[in-house]
>>> print(open('coords_30.txt').read())   # compact mmCIF, C-alpha atoms
# COMPACT_ATOMS: atom_id res chain seq x y z
CA MET A 1 108.36 117.25 -135.40
CA ARG A 2 111.51 119.28 -135.38
CA SER A 3 109.98 122.43 -136.79
CA ALA A 4 107.04 122.20 -134.40
CA LEU A 5 109.17 121.72 -131.31
CA ARG A 6 112.42 123.63 -131.81
CA PRO A 7 110.94 127.18 -131.84
CA ALA A 8 109.21 126.48 -128.57
CA ALA A 9 112.44 125.10 -127.20
CA THR A 10 114.17 128.33 -128.11
CA CYS A 11 111.54 130.28 -126.23
CA VAL A 12 112.04 128.10 -123.15
CA ALA A 13 115.78 128.61 -123.32
CA ALA A 14 115.31 132.36 -123.65
CA ALA A 15 112.96 132.35 -120.66
CA ALA A 16 115.48 130.42 -118.62
CA ILE A 17 118.17 132.91 -119.47
CA GLY A 18 115.83 135.75 -118.56
CA ILE A 19 115.10 134.43 -115.09
CA GLY A 20 118.66 133.35 -114.42
CA LEU A 21 119.96 136.75 -113.34
CA PRO A 22 117.46 137.28 -110.51
CA VAL A 23 118.18 133.76 -109.28
CA LEU A 24 121.92 134.47 -109.16
CA ALA A 25 121.25 137.74 -107.36
CA ALA A 26 119.10 136.01 -104.73
CA PRO A 27 120.56 134.97 -101.36
CA LEU A 28 122.51 131.70 -101.42
CA ALA A 29 120.23 130.13 -98.83
CA HIS A 30 117.24 130.54 -101.19
CA ALA A 31 119.07 128.79 -104.07
CA GLU A 32 119.78 125.76 -101.85
CA GLU A 33 116.18 125.07 -100.89
CA PRO A 34 115.32 121.39 -101.34
CA ALA A 35 113.81 120.50 -104.73
CA PRO A 36 113.31 117.35 -106.80
CA ASP A 37 115.38 116.85 -109.94
CA LEU A 38 114.00 114.04 -112.07
CA VAL A 39 116.18 112.52 -114.80
CA VAL A 40 114.86 110.14 -117.50
CA SER A 41 116.94 107.35 -119.03
CA THR A 42 117.45 107.22 -122.80
CA LEU A 43 115.64 104.74 -125.00
CA PRO A 44 117.63 102.44 -127.31
CA THR A 45 117.38 103.30 -130.99
CA ALA A 46 115.57 100.99 -133.40
CA THR A 47 114.67 100.44 -137.05
CA PRO A 48 111.19 98.93 -136.83
CA LYS A 49 109.48 97.38 -139.80
CA PRO A 50 105.93 98.51 -140.54
CA GLY A 51 103.65 96.61 -138.16
CA GLU A 52 106.30 95.98 -135.50
CA VAL A 53 105.77 97.06 -131.87
CA TYR A 54 108.47 98.84 -129.90
CA ASP A 55 108.30 98.23 -126.13
CA GLN A 56 111.07 99.49 -123.84
CA PRO A 57 111.12 100.62 -120.16
CA VAL A 58 112.16 104.08 -119.06
CA THR A 59 113.66 104.73 -115.63
CA ILE A 60 112.96 107.99 -113.83
CA THR A 61 115.51 108.85 -111.14
CA ASN A 62 115.23 111.64 -108.59
CA LYS A 63 118.66 113.26 -108.27
CA GLY A 64 117.32 116.19 -106.29
CA THR A 65 117.08 116.98 -102.59
CA ALA A 66 113.29 116.74 -102.21
CA ALA A 67 110.65 114.20 -103.12
CA ALA A 68 108.57 114.53 -106.29
CA ASP A 69 104.95 114.14 -105.30
CA GLY A 70 103.73 112.20 -108.35
CA VAL A 71 104.98 112.23 -111.95
CA THR A 72 103.24 113.32 -115.14
CA PHE A 73 104.83 111.33 -117.96
CA ARG A 74 104.23 112.34 -121.58
CA ILE A 75 104.79 110.42 -124.82
CA ARG A 76 104.42 111.95 -128.30
CA LEU A 77 104.63 110.09 -131.62
CA THR A 78 104.98 111.40 -135.16
CA ARG A 79 102.32 110.42 -137.71
CA GLY A 80 103.98 107.19 -138.88
CA LEU A 81 103.70 105.73 -135.34
CA ASP A 82 100.77 104.94 -133.07
CA PHE A 83 99.98 103.48 -129.65
CA PRO A 84 99.20 99.73 -129.84
CA ALA A 85 96.83 99.92 -126.87
CA HIS A 86 95.60 102.41 -124.30
CA MET A 87 96.96 102.02 -120.78
CA ASP A 88 95.18 102.83 -117.54
CA GLY A 89 95.97 106.24 -116.10
CA CYS A 90 96.77 107.74 -119.55
CA THR A 91 94.83 110.27 -121.60
CA TYR A 92 95.23 110.05 -125.38
CA SER A 93 94.81 112.80 -127.94
CA THR A 94 96.09 114.16 -131.24
CA VAL A 95 97.82 117.50 -131.11
CA ALA A 96 99.26 119.76 -133.78
CA ASP A 97 100.76 118.31 -136.98
CA HIS A 98 99.07 114.90 -136.55
CA VAL A 99 101.13 114.11 -133.46
CA ARG A 100 99.65 111.43 -131.21
CA GLN A 101 100.03 112.05 -127.49
CA ALA A 102 99.63 110.07 -124.28
CA LEU A 103 99.66 111.93 -120.94
CA CYS A 104 100.08 109.44 -118.09
CA GLU A 105 99.83 110.11 -114.35
CA LEU A 106 102.20 108.05 -112.15
CA ASP A 107 100.63 108.38 -108.73
CA LYS A 108 103.83 107.73 -106.81
CA ALA A 109 106.10 109.88 -104.68
CA VAL A 110 109.68 109.62 -105.82
CA GLU A 111 112.07 110.29 -102.96
CA PRO A 112 115.58 111.67 -103.51
CA GLY A 113 117.77 108.90 -104.92
CA ALA A 114 114.74 106.69 -105.69
CA THR A 115 113.62 105.48 -109.15
CA VAL A 116 110.38 104.60 -110.86
CA THR A 117 109.94 102.70 -114.12
CA THR A 118 107.32 103.16 -116.87
CA PRO A 119 107.06 101.62 -120.34
CA VAL A 120 107.17 103.36 -123.73
CA ARG A 121 105.18 101.41 -126.31
CA PHE A 122 104.39 102.24 -129.95
CA LYS A 123 103.97 100.48 -133.27
CA ALA A 124 105.17 101.37 -136.74
CA LEU A 125 102.33 102.06 -139.17
CA PRO A 126 102.45 101.00 -142.86
CA LYS A 127 103.52 104.54 -143.83
CA ALA A 128 106.25 104.77 -141.18
CA LEU A 129 109.62 106.02 -142.37
CA MET A 130 111.37 108.97 -140.70
CA GLU A 131 109.89 109.19 -137.22
CA ALA A 132 110.48 110.64 -133.78
CA VAL A 133 109.37 109.88 -130.23
CA GLU A 134 109.26 112.39 -127.37
CA TYR A 135 109.06 111.05 -123.83
CA GLY A 136 109.61 112.15 -120.23
CA THR A 137 108.51 114.60 -117.59
CA SER A 138 109.77 117.83 -116.01
CA PRO A 139 112.46 118.11 -113.28
CA THR A 140 109.74 118.50 -110.67
CA GLY A 141 107.47 115.79 -112.07
CA GLU A 142 104.91 118.19 -113.50
CA THR A 143 103.76 118.25 -117.14
CA PRO A 144 106.82 118.87 -119.31
CA ARG A 145 107.17 122.04 -121.30
CA GLU A 146 108.40 122.22 -124.88
CA GLY A 147 112.09 121.61 -125.42
CA PHE A 148 114.42 118.84 -124.42
CA ASP A 149 116.72 118.19 -121.46
CA ASP A 150 117.61 115.32 -119.12
CA SER A 151 113.99 115.08 -117.98
CA TYR A 152 112.32 115.18 -121.41
CA ARG A 153 114.02 113.49 -124.33
CA ARG A 154 113.62 112.82 -128.06
CA LEU A 155 114.39 109.64 -129.99
CA ALA A 156 114.75 109.85 -133.78
CA LEU A 157 114.39 106.62 -135.72
CA THR A 158 114.01 105.44 -139.30
CA ALA A 159 111.63 102.61 -140.10
CA ASP A 160 112.73 99.75 -142.32
CA SER A 161 110.80 101.05 -145.33
CA THR A 162 111.00 103.36 -148.35
CA ALA A 163 109.15 106.19 -150.04
CA ASP A 164 108.84 106.25 -153.82
CA LEU A 165 108.86 109.78 -155.22
CA GLU A 166 107.53 110.26 -158.74
CA ALA A 167 108.09 113.09 -161.23
CA GLN A 168 105.29 114.09 -163.60
CA GLY A 169 105.56 116.40 -166.61
CA ASP A 170 103.20 118.31 -168.90
CA LEU A 171 102.51 119.26 -172.54
CA ALA A 172 101.74 122.70 -173.99
CA GLU A 173 101.34 124.13 -177.48
CA GLY A 174 101.90 127.67 -178.71
CA THR A 175 103.19 129.90 -181.46
CA PRO A 176 106.52 131.75 -181.45
CA GLY A 177 106.34 134.77 -179.15
CA SER A 178 103.34 133.44 -177.20
CA ARG A 179 103.16 132.34 -173.58
CA VAL A 180 102.24 128.84 -172.43
CA THR A 181 101.67 127.25 -169.03
CA VAL A 182 103.24 123.98 -167.91
CA THR A 183 103.04 122.19 -164.57
CA ALA A 184 105.74 120.02 -163.01
CA THR A 185 104.53 117.62 -160.31
CA LEU A 186 106.21 115.79 -157.42
CA ARG A 187 104.20 112.89 -155.97
CA ASP A 188 104.80 110.49 -153.10
CA VAL A 189 103.70 107.05 -154.25
CA GLY A 190 104.51 105.51 -150.85
CA PRO A 191 104.52 103.34 -148.89
CA GLY A 192 106.29 105.76 -146.55
CA TRP A 193 105.49 109.40 -145.91
CA VAL A 194 108.39 111.85 -145.94
CA ARG A 195 109.55 114.50 -143.53
CA GLU A 196 113.24 115.23 -143.59
CA GLN A 197 114.55 118.34 -141.89
CA GLU A 198 117.89 117.19 -140.56
CA SER A 199 119.78 115.88 -143.60
CA ASP A 200 120.35 116.59 -147.30
CA ASP A 201 117.57 114.18 -148.27
CA GLN A 202 114.91 116.88 -148.12
CA PRO A 203 112.49 115.99 -150.96
CA ALA A 204 112.48 118.23 -154.02
CA LEU A 205 111.85 118.41 -157.76
CA MET A 206 114.48 119.61 -160.23
CA VAL A 207 112.99 121.52 -163.16
CA ARG A 208 115.00 122.34 -166.30
CA ILE A 209 113.28 124.90 -168.52
CA PRO A 210 112.83 123.83 -172.19
CA LYS A 211 115.41 125.33 -174.56
CA GLY A 212 114.04 128.10 -176.73
CA THR A 213 111.71 129.27 -173.97
CA VAL A 214 112.09 131.64 -171.02
CA ALA A 215 110.44 131.24 -167.62
CA VAL A 216 108.55 134.51 -167.09
CA ASP A 217 106.47 133.42 -164.09
CA VAL A 218 107.86 131.04 -161.46
CA PRO A 219 106.26 129.43 -158.35
CA GLY A 220 107.36 130.86 -155.03
CA ASP A 221 108.50 127.41 -153.84
CA CYS A 222 110.94 127.11 -156.76
CA GLU A 223 114.40 128.68 -156.44
CA PRO A 224 117.18 129.00 -159.02
CA PHE A 225 119.58 126.08 -158.73
CA GLY A 226 123.35 126.47 -158.93
CA ILE A 227 126.06 123.83 -158.78
CA ASP A 228 124.98 122.07 -155.60
CA GLY A 229 122.03 123.98 -154.16
CA PRO A 230 119.64 126.93 -154.37
CA THR A 231 121.28 130.25 -155.25
CA GLY A 232 118.64 132.71 -154.14
CA PRO A 233 114.95 133.56 -153.95
CA SER A 234 112.42 132.64 -156.59
CA GLU A 235 112.67 134.78 -159.73
CA PRO A 236 112.09 134.37 -163.50
CA GLY A 237 114.71 134.01 -166.20
CA HIS A 238 116.77 131.04 -164.98
CA THR A 239 117.30 127.74 -166.76
CA THR A 240 117.09 125.38 -163.75
CA TYR A 241 114.97 125.50 -160.61
CA VAL A 242 114.65 123.31 -157.53
CA CYS A 243 111.14 123.14 -156.07
CA ALA A 244 110.45 121.86 -152.55
CA PRO A 245 107.67 121.95 -149.94
CA GLY A 246 108.26 124.57 -147.29
CA ASP A 247 108.00 122.07 -144.41
CA HIS A 248 109.92 119.32 -146.30
CA THR A 249 106.90 117.05 -145.91
CA LEU A 250 105.12 114.76 -148.37
CA GLU A 251 102.23 112.54 -147.37
CA VAL A 252 101.52 109.25 -149.11
CA ASP A 253 99.62 109.90 -152.38
CA GLN A 254 100.15 113.64 -152.01
CA SER A 255 101.06 115.60 -155.16
CA LEU A 256 102.75 118.98 -155.24
CA ASP A 257 102.19 121.01 -158.43
CA TYR A 258 104.60 123.71 -159.59
CA THR A 259 103.24 125.80 -162.48
CA PHE A 260 105.54 127.80 -164.77
CA VAL A 261 104.64 130.33 -167.45
CA LEU A 262 107.01 130.10 -170.43
CA LYS A 263 107.51 132.51 -173.31
CA ILE A 264 108.32 130.78 -176.59
CA GLY A 265 111.20 132.30 -178.57
CA LYS A 266 110.57 133.60 -182.09
CA THR A 267 112.89 131.00 -183.66
CA ALA A 268 112.02 128.13 -181.29
CA GLN A 269 111.27 124.65 -182.56
CA ASP A 270 109.47 121.85 -180.72
CA THR A 271 111.31 121.52 -177.42
CA ARG A 272 111.20 119.92 -174.01
CA GLY A 273 112.64 120.36 -170.53
CA GLU A 274 113.37 117.73 -167.90
CA VAL A 275 111.69 117.20 -164.54
CA SER A 276 113.43 114.89 -162.07
CA VAL A 277 113.16 113.68 -158.48
CA SER A 278 115.89 115.16 -156.33
CA SER A 279 116.70 116.66 -152.99
CA VAL A 280 117.08 120.36 -152.29
CA TYR A 281 120.82 119.94 -152.85
CA GLY A 282 120.64 117.97 -156.09
CA ILE A 283 121.19 114.55 -154.50
CA HIS A 284 118.89 111.62 -155.16
CA PRO A 285 117.11 110.77 -151.87
CA ALA A 286 118.42 107.59 -150.28
CA PHE A 287 114.95 106.54 -149.12
CA ASP A 288 113.72 106.38 -152.76
CA ARG A 289 114.98 103.08 -154.18
CA ASN A 290 112.82 103.07 -157.32
CA THR A 291 114.38 105.25 -160.02
CA SER A 292 112.16 104.17 -162.93
CA ASN A 293 109.69 107.03 -162.38
CA ASP A 294 112.16 109.72 -161.37
CA THR A 295 112.23 111.56 -164.72
CA ALA A 296 109.51 113.24 -166.78
CA TYR A 297 109.37 116.02 -169.38
CA LEU A 298 107.84 119.43 -170.04
CA ASN A 299 107.04 119.27 -173.77
CA VAL A 300 106.33 122.44 -175.76
CA ASP A 301 105.03 121.98 -179.31
CA VAL A 302 105.69 125.08 -181.40
CA THR A 303 103.16 125.75 -184.17
CA ARG A 304 103.29 128.31 -186.99
CA ASP A 305 100.88 129.76 -189.59
CA GLY A 306 101.05 127.68 -192.75
CA ASP A 307 101.82 124.42 -190.97
CA PRO A 308 100.53 121.28 -192.74
CA GLY A 309 96.75 121.32 -192.92
CA THR A 310 96.43 124.99 -193.86
CA SER A 311 96.78 126.78 -197.21
CA THR A 312 97.80 130.33 -197.92
CA SER A 313 96.83 130.30 -201.62
CA GLY A 314 94.28 128.67 -203.86
CA GLY A 315 91.89 128.14 -200.96
CA ALA A 316 92.22 124.36 -201.22
CA ALA A 317 94.54 121.88 -199.57
CA ASN A 318 95.97 120.79 -202.92
CA GLY A 319 96.55 124.35 -204.14
CA GLY A 320 93.53 124.34 -206.48
CA ASN A 321 91.21 127.13 -207.51
CA SER A 322 88.62 128.13 -205.00
CA GLY A 323 86.41 129.82 -207.59
CA ASP A 324 83.75 128.45 -209.92
CA GLY A 325 84.98 129.92 -213.20
CA GLY A 326 85.05 126.73 -215.29
CA THR A 327 84.22 123.22 -214.29
CA GLY A 328 87.30 121.27 -215.33
CA THR A 329 89.45 119.32 -212.94
CA GLY A 330 92.63 119.17 -215.00
CA GLY A 331 94.51 121.37 -217.46
CA GLY A 332 92.64 123.47 -220.04
CA SER A 333 91.00 121.25 -222.67
CA ALA A 334 90.23 123.24 -225.83
CA GLY A 335 86.67 123.19 -227.14
CA THR A 336 85.29 120.79 -224.54
CA GLY A 337 83.36 123.03 -222.24
CA THR A 338 80.79 125.74 -222.57
CA SER A 339 81.48 129.29 -221.65
CA GLY A 340 80.11 130.37 -218.33
CA THR A 341 80.21 133.23 -215.89
CA GLY A 342 82.54 132.51 -212.98
CA THR A 343 81.39 133.05 -209.43
CA GLY A 344 84.86 133.53 -208.08
CA GLY A 345 88.52 133.32 -208.93
CA GLN A 346 91.73 132.53 -207.15
CA GLU A 347 92.25 134.10 -203.76
CA ASN A 348 95.64 135.39 -204.83
CA ASP A 349 94.73 136.46 -208.41
CA PRO A 350 96.02 139.94 -209.34
CA HIS A 351 93.96 142.80 -210.75
CA GLY A 352 90.65 141.66 -209.36
CA GLN A 353 90.37 138.49 -211.38
CA SER A 354 88.70 136.77 -208.51
CA THR A 355 85.47 138.59 -209.29
CA GLY A 356 84.75 136.45 -212.38
CA GLY A 357 83.91 139.21 -214.93
CA SER A 358 83.13 138.98 -218.67
CA GLY A 359 85.71 136.89 -220.52
CA THR A 360 87.29 137.58 -223.89
CA THR A 361 88.81 134.20 -224.63
CA GLY A 362 87.36 131.31 -226.50
CA ALA A 363 87.18 131.27 -230.28
CA THR A 364 84.19 129.09 -231.23
CA GLY A 365 81.57 130.14 -228.81
CA THR A 366 82.60 127.37 -226.50
CA THR A 367 85.37 127.51 -224.00
CA GLY A 368 87.61 124.88 -222.59
CA THR A 369 87.19 123.97 -218.95
CA THR A 370 90.04 125.09 -216.81
CA GLY A 371 91.25 123.02 -213.93
CA THR A 372 92.45 123.91 -210.52
CA SER A 373 96.04 123.62 -211.61
CA GLY A 374 95.94 123.93 -215.43
CA THR A 375 98.86 125.47 -217.24
CA SER A 376 96.83 127.45 -219.73
CA GLY A 377 95.05 130.54 -218.55
CA THR A 378 93.03 130.81 -221.81
CA SER A 379 90.60 128.20 -222.97
CA GLY A 380 90.03 126.58 -226.43
CA SER A 381 92.22 127.84 -229.26
CA SER A 382 90.58 126.38 -232.36
CA GLY A 383 87.36 127.16 -234.21
CA SER A 384 85.89 130.23 -235.90
CA MET A 385 86.65 133.79 -235.00
CA SER A 386 83.33 134.44 -233.32
CA THR A 387 83.53 135.74 -229.78
CA ALA A 388 81.60 134.40 -226.87
CA SER A 389 80.38 136.00 -223.70
CA GLY A 390 81.58 134.43 -220.49
CA THR A 391 84.70 134.15 -218.43
CA GLY A 392 85.81 130.85 -219.83
CA GLY A 393 87.43 130.15 -216.47
CA SER A 394 90.06 132.22 -214.80
CA GLY A 395 92.78 129.59 -215.00
CA GLY A 396 94.76 127.86 -212.31
CA THR A 397 97.68 129.13 -210.31
CA GLY A 398 100.03 128.01 -213.08
CA GLY A 399 98.10 129.81 -215.89
CA SER A 400 99.84 132.38 -218.08
CA LEU A 401 97.71 135.29 -216.92
CA ALA A 402 98.28 134.68 -213.31
CA ALA A 403 101.96 134.12 -213.93
CA THR A 404 102.50 137.34 -215.87
CA GLY A 405 100.08 139.56 -214.07
CA SER A 406 98.58 140.62 -217.48
CA ASP A 407 94.90 140.75 -218.38
CA GLY A 408 95.63 139.30 -221.90
CA THR A 409 94.84 142.42 -223.99
CA PRO A 410 98.20 142.56 -225.87
CA MET A 411 97.90 138.94 -226.84
CA LEU A 412 94.35 139.44 -228.15
CA ALA A 413 95.40 142.47 -230.19
CA ALA A 414 98.26 140.53 -231.72
CA GLY A 415 95.86 137.74 -232.61
CA ALA A 416 93.47 140.18 -234.30
CA LEU A 417 96.25 141.70 -236.44
CA ALA A 418 97.37 138.25 -237.51
CA VAL A 419 93.86 137.31 -238.60
CA THR A 420 93.43 140.59 -240.58
CA ALA A 421 96.71 140.03 -242.42
CA VAL A 422 95.73 136.54 -243.45
CA GLY A 423 92.36 137.78 -244.67
CA GLY A 424 94.02 140.49 -246.80
CA LEU A 425 96.28 137.98 -248.49
CA VAL A 426 93.34 135.74 -249.34
CA LEU A 427 91.47 138.73 -250.91
CA VAL A 428 94.48 139.75 -253.05
CA ALA A 429 94.90 136.19 -254.31
CA ALA A 430 91.23 136.02 -255.27
CA ARG A 431 91.41 139.22 -257.28
CA ARG A 432 94.48 138.02 -259.15
CA ARG A 433 92.66 134.82 -260.10
CA THR A 434 89.70 136.87 -261.39
CA SER A 435 91.82 139.19 -263.54
CA GLY A 436 93.73 136.22 -264.95
CA LYS A 437 90.55 134.65 -266.09
>>> encode(input="coords_30.txt", output="structure tokens")
Amino acid sequence: MRSALRPAATCVAAAAIGIGLPVLAAPLAHAEEPAPDLVVSTLPTATPKPGEVYDQPVTITNKGTAAADGVTFRIRLTRGLDFPAHMDGCTYSTVADHVRQALCELDKAVEPGATVTTPVRFKALPKALMEAVEYGTSPTGETPREGFDDSYRRLALTADSTADLEAQGDLAEGTPGSRVTVTATLRDVGPGWVREQESDDQPALMVRIPKGTVAVDVPGDCEPFGIDGPTGPSEPGHTTYVCAPGDHTLEVDQSLDYTFVLKIGKTAQDTRGEVSVSSVYGIHPAFDRNTSNDTAYLNVDVTRDGDPGTSTSGGAANGGNSGDGGTGTGGGSAGTGTSGTGTGGQENDPHGQSTGGSGTTGATGTTGTTGTSGTSGTSGSSGSMSTASGTGGSGGTGGSLAATGSDGTPMLAAGALAVTAVGGLVLVAARRRTSGK
């Protein structure tokens, strides 16, 4: 009510100041012309419980020098109050900002020094909390203008109730250097609605940005927070913000969402920031007596390439061979498998071994089956010296070829020389036996 009425009151005051100079400049006889001057008594304050009816009389006194020919009496109630019944001679309506109004005509002449009495009745609704009542007339008895004086008054009251504010958080996931979006929410669970413009209990949400992230886009209703209040207009890059509705109003079951865009730091780990119910000045609102739902969190899960569930080598979760060269499942078993042509090798094999070309290993025409993690890159080692066509498997990641980066040619050459030497010695021994005989 205050924001809706005070600007108009300022305009009325300015108008009064503007017309004051001509009045002072006018002849004194004109200023003393008889005129009514109606004054309205003040209503006693109250703290009604939801459902209670307030019923008090108001006395209108004419302190002027002329009679007021009838009185137009107006009552306005904020949204947590209502009229219990409609009275004769009154017109009821709803005006701006959900304000309920009764405009009543008192068809009586009020002579100078005389009084007239009229009731002011209203009831507190279930959502009543911080309320206001406007009542009265104008000095002449006509419809009152905006603003308050002795003829038209305002009663502020607080119902015997509460409003439970709730903080809600969010969860986002991203990689280092990326941007994620999180939303902090302030909700009025009730039973009372909230409008506080005159104290430090103005409803708000305190948002602390998760460590390891930077706020790069911030809602316009969220301002950087200092020691005991906002420090300036909304802007990115701060660690703490206070977010509040512009009119300091929250209806029952209304939620206010404040969405932030965060940039995740390159070295950030899983992190979270805190969201908490507050006031604009960092004080917990007195009307909120339930603190169990006042805190929530903005969680940011930081993921990286190579996290569990992915593999950067071997093409398999257990680090095995992704190719088909060989059919074994364990280490190389000599002479147990047949030679075959591989359809693929390890993803990280050097020198193009992943293509599964023609093999040179295997000594008996059969090759051992290589496993996905065997330690021997060459298959079967026993048998005759015949060579077989086929890859004989490309070996696992722990095989000697993959470990050395060699294609095995030096080892084969050394093996051939060893075999030739042994054959020569056998031939010499045979000749000696022949000559001896």
>>> closest_residue(input="coords_30.txt", among="A:Thr65, A:Thr267, A:Thr47, A:Thr259", to="Lys123 of chain A", atoms="all atoms listed in the file")
A:Thr47
>>> residues_around(input="coords_30.txt", residues="segment 88-105 of chain A", least_positions_apart="4", cutoff="6 Å", atoms="all atoms listed in the file", output="list of chain:residue names")
A:Thr72, A:Phe73, A:Arg74, A:Ile75, A:Arg76, A:Leu77, A:Thr78, A:Arg79
>>> residues_around(input="coords_30.txt", residues="Asp107 of chain A", least_positions_apart="2", cutoff="8 Å", atoms="only C-alpha atoms", output="JSON, numbers by chain")
{"A": [69, 70, 71, 105, 109]}
>>> residues_around(input="coords_30.txt", residues="Val133 of chain A", least_positions_apart="3", cutoff="12 Å", atoms="only C-alpha atoms", output="PyMOL selection string")
chain A and resi 1-2+5+42-46+54+74-83+99-102+120-124+130+136+148+152-158
>>> closest_residue(input="coords_30.txt", among="A:Pro245, A:Pro119, A:Gly265, A:Pro139", to="Val194 of chain A", atoms="all atoms listed in the file")
A:Pro245
>>> atom_distance(input="coords_30.txt", atom1="atom CA of Thr303 of chain A", atom2="atom CA of Asp270 of chain A")
8.2 Å
>>> closest_residue(input="coords_30.txt", among="A:Gln197, A:Gly51, A:Thr115, A:Ser279", to="Pro230 of chain A", atoms="all atoms listed in the file")
A:Ser279
>>> atom_distance(input="coords_30.txt", atom1="atom CA of Ala215 of chain A", atom2="atom CA of Gln202 of chain A")
24.6 Å
>>> atom_distance(input="coords_30.txt", atom1="atom CA of Asp228 of chain A", atom2="atom CA of Ile283 of chain A")
8.5 Å
>>> closest_residue(input="coords_30.txt", among="A:Arg187, A:Lys211, A:Arg179, A:Lys49", to="Ser278 of chain A", atoms="only C-alpha atoms")
A:Arg187
>>> closest_residue(input="coords_30.txt", among="A:Gln56, A:Thr118, A:Thr162, A:Thr271", to="Asn290 of chain A", atoms="only C-alpha atoms")
A:Thr162
>>> residues_around(input="coords_30.txt", residues="Ile60 of chain A", least_positions_apart="2", cutoff="9 Å", atoms="all atoms listed in the file", output="PyMOL selection string")
chain A and resi 38-41+58+62+110+114-118+136-137+151
>>> closest_residue(input="coords_30.txt", among="A:Pro176, A:Gly141, A:Pro126, A:Gly220", to="Ala68 of chain A", atoms="only C-alpha atoms")
A:Gly141
>>> residues_around(input="coords_30.txt", residues="Asp257 of chain A", least_positions_apart="5", cutoff="9 Å", atoms="all atoms listed in the file", output="short mmCIF file (atom, residue, chain, number, x, y, z; two decimals) with C-alpha atoms, in the coordinates of the input")
data_model
loop_
_atom_site.label_atom_id
_atom_site.label_comp_id
_atom_site.auth_asym_id
_atom_site.auth_seq_id
_atom_site.Cartn_x
_atom_site.Cartn_y
_atom_site.Cartn_z
CA THR A 183 103.04 122.19 -164.57
CA ALA A 184 105.74 120.02 -163.01
CA THR A 185 104.53 117.62 -160.31
CA LEU A 186 106.21 115.79 -157.42
CA ARG A 187 104.20 112.89 -155.97
#
>>> axis_aligned_box(input="coords_30.txt", around="segment 280-289 of chain A", padding_each_side="5 Å", output="JSON")
{"center_x": 117.5, "center_y": 111.7, "center_z": -152.6, "size_x": 17.5, "size_y": 27.3, "size_z": 17.0}
